[in-house]
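Everything below belongs to model-v1.tsv, which stores TSV, C-alpha atoms.
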chain	number	residue	atom	x	y	z
Y	165	MET	CA	1.32	-3.06	-10.77
Y	166	ASN	CA	0.42	0.08	-8.82
Y	167	ASN	CA	0.41	0.26	-5.01
Y	168	LYS	CA	-3.36	-0.27	-4.78
Y	169	GLU	CA	-3.07	-3.50	-6.77
Y	170	LYS	CA	-0.05	-4.62	-4.73
Y	171	VAL	CA	-1.96	-4.20	-1.46
Y	172	LEU	CA	-4.98	-6.07	-2.78
Y	173	ASP	CA	-2.77	-8.84	-4.12
Y	174	ALA	CA	-1.01	-9.11	-0.73
Y	175	ILE	CA	-4.32	-9.45	1.12
Y	176	LEU	CA	-5.61	-12.07	-1.32
Y	177	SER	CA	-2.34	-14.02	-1.24
Y	178	GLN	CA	-2.14	-13.92	2.56
Y	179	GLY	CA	-5.83	-14.79	2.85
Y	180	MET	CA	-5.97	-13.17	6.25
Y	181	LEU	CA	-5.83	-9.57	7.44
Y	182	PRO	CA	-4.68	-9.22	11.07
Y	183	LEU	CA	-5.99	-6.09	12.79
Y	184	PHE	CA	-5.36	-4.48	16.15
Y	185	PHE	CA	-4.78	-1.32	18.15
Y	186	TYR	CA	-2.71	-0.86	21.27
Y	187	GLU	CA	-1.93	2.25	23.27
Y	188	ASP	CA	1.82	1.63	23.44
Y	189	ALA	CA	3.66	2.30	20.19
Y	190	GLU	CA	6.64	0.07	21.02
Y	191	VAL	CA	4.42	-2.88	21.82
Y	192	SER	CA	2.50	-2.22	18.60
Y	193	VAL	CA	5.75	-2.39	16.62
Y	194	GLU	CA	6.75	-5.63	18.36
Y	195	ILE	CA	3.37	-7.16	17.54
Y	196	ILE	CA	3.96	-6.39	13.87
Y	197	ARG	CA	7.54	-7.69	14.00
Y	198	THR	CA	6.26	-10.94	15.51
Y	199	MET	CA	3.59	-11.42	12.86
Y	200	TYR	CA	6.10	-10.55	10.13
Y	201	SER	CA	8.43	-13.28	11.37
Y	202	ALA	CA	5.48	-15.70	11.09
Y	203	GLY	CA	4.91	-14.72	7.46
Y	204	VAL	CA	2.49	-11.77	7.57
Y	205	ARG	CA	3.07	-9.00	5.02
Y	206	VAL	CA	-0.07	-6.88	5.37
Y	207	VAL	CA	-1.66	-5.60	8.61
Y	208	GLU	CA	-4.50	-3.28	9.60
Y	209	TYR	CA	-3.90	-0.92	12.53
Y	210	THR	CA	-7.20	0.39	13.88
Y	211	ASN	CA	-8.06	3.98	14.75
Y	212	ARG	CA	-9.52	3.14	18.14
Y	213	GLY	CA	-7.66	5.31	20.61
Y	214	LYS	CA	-6.27	8.81	21.03
Y	215	GLU	CA	-2.76	7.46	20.43
Y	216	ALA	CA	-3.65	5.88	17.09
Y	217	LEU	CA	-2.35	8.62	14.79
Y	218	SER	CA	0.95	9.23	16.59
Y	219	ASN	CA	1.47	5.48	16.97
Y	220	PHE	CA	0.76	4.90	13.30
Y	221	TYR	CA	3.31	7.50	12.25
Y	222	SER	CA	5.91	5.99	14.57
Y	223	ILE	CA	5.21	2.45	13.36
Y	224	LYS	CA	5.51	3.48	9.71
Y	225	GLN	CA	8.86	5.14	10.40
Y	226	THR	CA	10.15	1.90	11.91
Y	227	LEU	CA	8.76	-0.28	9.14
Y	228	ALA	CA	10.36	1.90	6.48
Y	229	THR	CA	13.80	0.91	7.74
Y	230	GLU	CA	13.18	-2.57	9.21
Y	231	LEU	CA	10.37	-4.15	7.19
Y	232	PRO	CA	9.98	-2.20	3.95
Y	233	ASP	CA	7.85	-4.92	2.33
Y	234	MET	CA	5.17	-4.76	5.05
Y	235	PHE	CA	1.94	-3.01	4.03
Y	236	LEU	CA	0.24	-1.17	6.89
Y	237	GLY	CA	-3.32	0.07	6.51
Y	238	ILE	CA	-5.51	2.06	8.84
Y	239	GLY	CA	-8.92	0.85	9.94
Y	240	THR	CA	-11.96	2.32	11.69
Y	241	ILE	CA	-11.84	5.43	9.50
Y	242	LYS	CA	-15.19	7.23	9.46
Y	243	THR	CA	-14.45	10.74	8.18
Y	244	GLY	CA	-12.53	12.37	5.38
Y	245	LEU	CA	-10.41	14.28	7.90
Y	246	GLU	CA	-9.32	11.04	9.56
Y	247	ALA	CA	-8.50	9.55	6.18
Y	248	GLU	CA	-6.42	12.59	5.21
Y	249	ALA	CA	-4.48	12.50	8.49
Y	250	PHE	CA	-3.56	8.83	8.19
Y	251	VAL	CA	-2.68	9.07	4.50
Y	252	ALA	CA	-0.28	11.83	5.51
Y	253	ALA	CA	1.13	9.47	8.16
Y	254	GLY	CA	1.81	6.88	5.46
Y	255	ALA	CA	-1.23	4.57	5.37
Y	256	ASP	CA	-0.99	2.07	2.52
Y	257	PHE	CA	-4.75	1.44	2.48
Y	258	ILE	CA	-7.94	2.56	4.25
Y	259	LEU	CA	-10.68	0.52	5.90
Y	260	SER	CA	-14.00	1.65	7.34
Y	261	PRO	CA	-16.77	0.02	9.36
Y	262	ILE	CA	-19.17	1.99	7.12
Y	263	VAL	CA	-19.50	3.38	3.59
Y	264	ASP	CA	-18.62	7.07	3.67
Y	265	THR	CA	-18.45	9.40	0.66
Y	266	GLU	CA	-15.61	11.57	1.99
Y	267	VAL	CA	-13.43	8.62	2.96
Y	268	ALA	CA	-13.99	7.06	-0.45
Y	269	LEU	CA	-13.00	10.30	-2.18
Y	270	VAL	CA	-9.82	10.66	-0.13
Y	271	ALA	CA	-8.84	7.09	-0.96
Y	272	ASP	CA	-9.51	7.73	-4.65
Y	273	THR	CA	-7.58	10.99	-4.63
Y	274	TYR	CA	-4.47	9.33	-3.22
Y	275	ASN	CA	-4.96	6.06	-5.15
Y	276	LYS	CA	-5.34	4.02	-1.96
Y	277	LEU	CA	-7.23	0.75	-1.71
Y	278	TYR	CA	-10.54	1.49	0.04
Y	279	ILE	CA	-12.24	-1.32	1.99
Y	280	PRO	CA	-15.63	-0.18	3.35
Y	281	GLY	CA	-17.71	-2.18	5.81
Y	282	CYS	CA	-21.16	-3.38	4.73
Y	283	MET	CA	-23.94	-5.49	6.23
Y	284	THR	CA	-26.74	-5.14	3.64
Y	285	PRO	CA	-27.05	-5.60	-0.13
Y	286	THR	CA	-27.86	-1.90	-0.45
Y	287	GLU	CA	-24.63	-0.92	1.29
Y	288	ILE	CA	-22.67	-3.30	-0.94
Y	289	HIS	CA	-24.27	-1.68	-3.99
Y	290	VAL	CA	-23.31	1.80	-2.74
Y	291	ALA	CA	-19.75	0.64	-1.98
Y	292	GLN	CA	-19.45	-0.59	-5.55
Y	293	GLN	CA	-20.30	2.90	-6.79
Y	294	TYR	CA	-17.12	4.01	-5.02
Y	295	LYS	CA	-15.08	1.33	-6.81
Y	296	ALA	CA	-14.57	-0.81	-3.71
Y	297	ARG	CA	-12.71	-3.84	-5.07
Y	298	LEU	CA	-12.77	-5.47	-1.64
Y	299	ILE	CA	-15.70	-5.10	0.77
Y	300	LYS	CA	-15.58	-5.88	4.48
Y	301	ILE	CA	-18.57	-7.89	5.72
Y	302	PHE	CA	-19.06	-6.47	9.21
Y	303	PRO	CA	-19.99	-7.50	11.83
Y	304	ALA	CA	-19.31	-11.00	10.53
Y	305	ASN	CA	-20.23	-12.71	13.80
Y	306	ILE	CA	-23.78	-11.36	13.46
Y	307	LEU	CA	-24.18	-11.95	9.70
Y	308	GLY	CA	-22.46	-15.34	9.46
Y	309	PRO	CA	-21.12	-17.23	6.41
Y	310	ALA	CA	-24.66	-17.81	5.12
Y	311	PHE	CA	-24.96	-14.09	4.41
Y	312	ILE	CA	-22.09	-14.17	1.90
Y	313	SER	CA	-23.43	-17.38	0.36
Y	314	SER	CA	-26.83	-15.73	-0.08
Y	315	ILE	CA	-25.71	-12.47	-1.69
Y	316	ARG	CA	-22.58	-13.31	-3.66
Y	317	GLU	CA	-24.49	-14.19	-6.84
Y	318	LEU	CA	-26.10	-10.72	-6.72
Y	319	PHE	CA	-22.62	-9.19	-6.97
Y	320	PRO	CA	-20.58	-11.37	-9.37
Y	321	GLY	CA	-16.85	-10.78	-9.12
Y	322	GLN	CA	-17.06	-8.77	-5.90
Y	323	LEU	CA	-14.44	-9.64	-3.29
Y	324	PHE	CA	-15.55	-10.03	0.34
Y	325	ILE	CA	-13.59	-10.18	3.60
Y	326	PRO	CA	-15.58	-11.00	6.77
Y	327	THR	CA	-14.34	-9.27	9.91
Y	328	GLY	CA	-15.47	-9.74	13.49
Y	329	GLY	CA	-15.63	-13.08	15.27
Y	330	VAL	CA	-13.58	-15.17	12.83
Y	331	GLU	CA	-12.06	-17.99	14.89
Y	332	ILE	CA	-8.63	-19.65	14.64
Y	333	GLU	CA	-10.39	-22.94	14.05
Y	334	ALA	CA	-10.30	-25.10	10.93
Y	335	GLY	CA	-14.04	-25.54	10.55
Y	336	ASN	CA	-14.83	-21.86	11.09
Y	337	ILE	CA	-12.22	-20.56	8.65
Y	338	ALA	CA	-13.08	-23.19	6.04
Y	339	GLU	CA	-16.77	-22.26	6.27
Y	340	TRP	CA	-16.03	-18.61	5.53
Y	341	PHE	CA	-14.05	-19.51	2.43
Y	342	ARG	CA	-16.70	-21.96	1.26
Y	343	SER	CA	-19.27	-19.19	1.58
Y	344	GLY	CA	-17.34	-17.06	-0.92
Y	345	ALA	CA	-14.91	-15.01	1.17
Y	346	CYS	CA	-11.54	-14.28	-0.45
Y	347	ALA	CA	-9.85	-13.56	2.91
Y	348	VAL	CA	-10.76	-13.20	6.58
Y	349	GLY	CA	-10.13	-10.39	9.04
Y	350	MET	CA	-8.54	-11.59	12.31
Y	351	GLY	CA	-8.70	-9.24	15.26
Y	352	GLY	CA	-9.26	-10.04	18.91
Y	353	LYS	CA	-9.34	-13.79	18.35
Y	354	LEU	CA	-5.72	-13.63	17.16
Y	355	ILE	CA	-4.24	-10.56	18.83
Y	356	THR	CA	-5.99	-10.85	22.17
Y	357	ARG	CA	-5.88	-8.24	24.92
Y	358	ASN	CA	-4.00	-10.77	27.03
Y	359	VAL	CA	-1.33	-11.10	24.31
Y	360	LEU	CA	-1.00	-7.33	24.15
Y	361	ASP	CA	-0.97	-6.60	27.88
Y	362	LYS	CA	1.33	-9.49	28.81
Y	363	ARG	CA	3.57	-9.22	25.72
Y	364	LEU	CA	2.94	-12.86	24.79
Y	365	TYR	CA	4.89	-12.68	21.55
Y	366	SER	CA	5.70	-16.40	21.36
Y	367	GLN	CA	2.00	-17.24	21.66
Y	368	LEU	CA	1.17	-14.70	18.96
Y	369	PHE	CA	3.85	-16.14	16.68
Y	370	ASN	CA	2.46	-19.67	17.04
Y	371	ASP	CA	-1.17	-18.55	16.66
Y	372	THR	CA	-0.28	-16.56	13.55
Y	373	LEU	CA	1.45	-19.55	12.00
Y	374	LYS	CA	-1.62	-21.68	12.75
Y	375	ALA	CA	-4.04	-19.10	11.34
Y	376	LEU	CA	-2.03	-18.70	8.14
Y	377	GLU	CA	-1.84	-22.48	7.71
Y	378	LEU	CA	-5.60	-22.90	8.22
Y	379	VAL	CA	-6.29	-20.13	5.74
Y	380	GLN	CA	-4.09	-21.67	3.06
Y	381	LEU	CA	-5.75	-25.07	3.58
Y	382	SER	CA	-9.19	-23.43	3.23
Y	383	LYS	CA	-8.61	-21.24	0.17

Would it be possible to restate this file's structure as structure tokens?
Amino acid sequence: MNNKEKVLDAILSQGMLPLFFYEDAEVSVEIIRTMYSAGVRVVEYTNRGKEALSNFYSIKQTLATELPDMFLGIGTIKTGLEAEAFVAAGADFILSPIVDTEVALVADTYNKLYIPGCMTPTEIHVAQQYKARLIKIFPANILGPAFISSIRELFPGQLFIPTGGVEIEAGNIAEWFRSGACAVGMGGKLITRNVLDKRLYSQLFNDTLKALELVQLSK
């Protein structure tokens, strides 16, 4: 199994993809350590601040020695140059809020799993032309589970992961999986700004355990 397949398998097995960005690299590492101790093995770090690239490199250096079985991807990638920079920093996979030709080509060149964001059937069709095995439905809070239910038969076999607004709540998570999602993206509802700013690692640990349990019950 190549690295691309391993990452995809890890996301599908976990059923949840935590995602976050924080300005402080040490706090970012501790967030990942906390989620790892709760059972997480694949995380998305988002490119949403000027510190993102240097933080990502630092985090990967730490993971290489401490948590070598943790896959770390980079999200919010919108250009080929950004993709190249984060691949060089060690990104295991690439996510975008959009479908972009250059990003797709960089991912293909380096044999990285590419997860583009889509919100229309046309965008999903274009993403499939770039061999996107997994497509992010974004923004999920606007589209809702009914969107996946409505379009999944148009794209048989396509894997979808809704991101944006997924709640740590049994009914909400179960509804996404019933609609046809293979996993859910968990951002600010799991790794809240309050958790980050106040270093609430025990809360994050417990919330991560709960989210993982709800996901497994819903799959």

Between Y:Ala249, Y:Ala255, Y:Ile175, Y:Ile196, single out the one closest to Phe324 of chain Y, counting all atoms listed in the file. Y:Ile175

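Across the model, the gap from atom CA of Phe235 of chain Y to atom CA of Asn211 of chain Y is 16.2 Å.
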
Within 6 Å of Lys300 of chain Y, counting all atoms listed in the file, which residues show up once you throw out same-chain ones fewer than 4 positions away? Write them as a PyMOL selection string, please. chain Y and resi 280-281+324-326

Do you know which residues are at most 9 Å from Ala271 of chain Y counting only C-alpha atoms, after dropping those on the same chain fewer than 5 positions away, and could you put them as a list of chain:residue names? Y:Ala247, Y:Glu248, Y:Val251, Y:Phe257, Y:Ile258, Y:Glu266, Y:Lys276, Y:Leu277, Y:Tyr278

If you count all atoms listed in the file, which residues fall within 12 Å of segment 367-382 of chain Y, apart from same-chain ones fewer than 4 positions away, as a count of residues only? 54

Which residue, Y:Lys242, Y:Arg316, Y:Lys224, Y:His289, has the smallest gap to Val193 of chain Y when you use all atoms listed in the file? Y:Lys224

What does the structure give for the distance between atom CA of Ser218 of chain Y and atom CA of Ala253 of chain Y, in Å to one decimal? 8.4 Å

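Relative to atom CA of Phe250 of chain Y, atom CA of Gln225 of chain Y is found at 13.1 Å.
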
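Nearest residue to Pro303 of chain Y among Y:Pro320, Y:Gly254, Y:Gly328, Y:Gly237 is Y:Gly328, counting only C-alpha atoms.
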
Which protein, DNA or RNA residues have an atom at most 10 Å from (-18.8, 10.1, 6.7), counting only C-alpha atoms? List them as a ChimeraX atom specification. /Y:241-246,260,262-268

From the options Y:Met234, Y:Ala296, Y:Val290, Y:Met165, which residue's atoms come nearest to Asp272 of chain Y, counting all atoms listed in the file? Y:Ala296

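Proximity to Asp361 of chain Y was assessed for Y:Thr229, Y:Thr284, Y:Thr240, Y:Ser192 counting all atoms listed in the file; the smallest distance is recorded for Y:Ser192.
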
Let me know the centre plus edge lengths, in Å and rounded to one decimal, of a box with edges along x, y and z that contains all listed atoms of segment 248-264 of chain Y and is padded by 8 Å on every side, as lines of an AutoDock Vina configuration file.
center_x = -8.8
center_y = 6.3
center_z = 5.9
size_x = 37.3
size_y = 28.6
size_z = 22.9

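Distances from Y:Ala189, Y:Met283, Y:Ile299, Y:Ala291 to Phe311 of chain Y were compared using all atoms listed in the file, and the smallest one belongs to Y:Met283.
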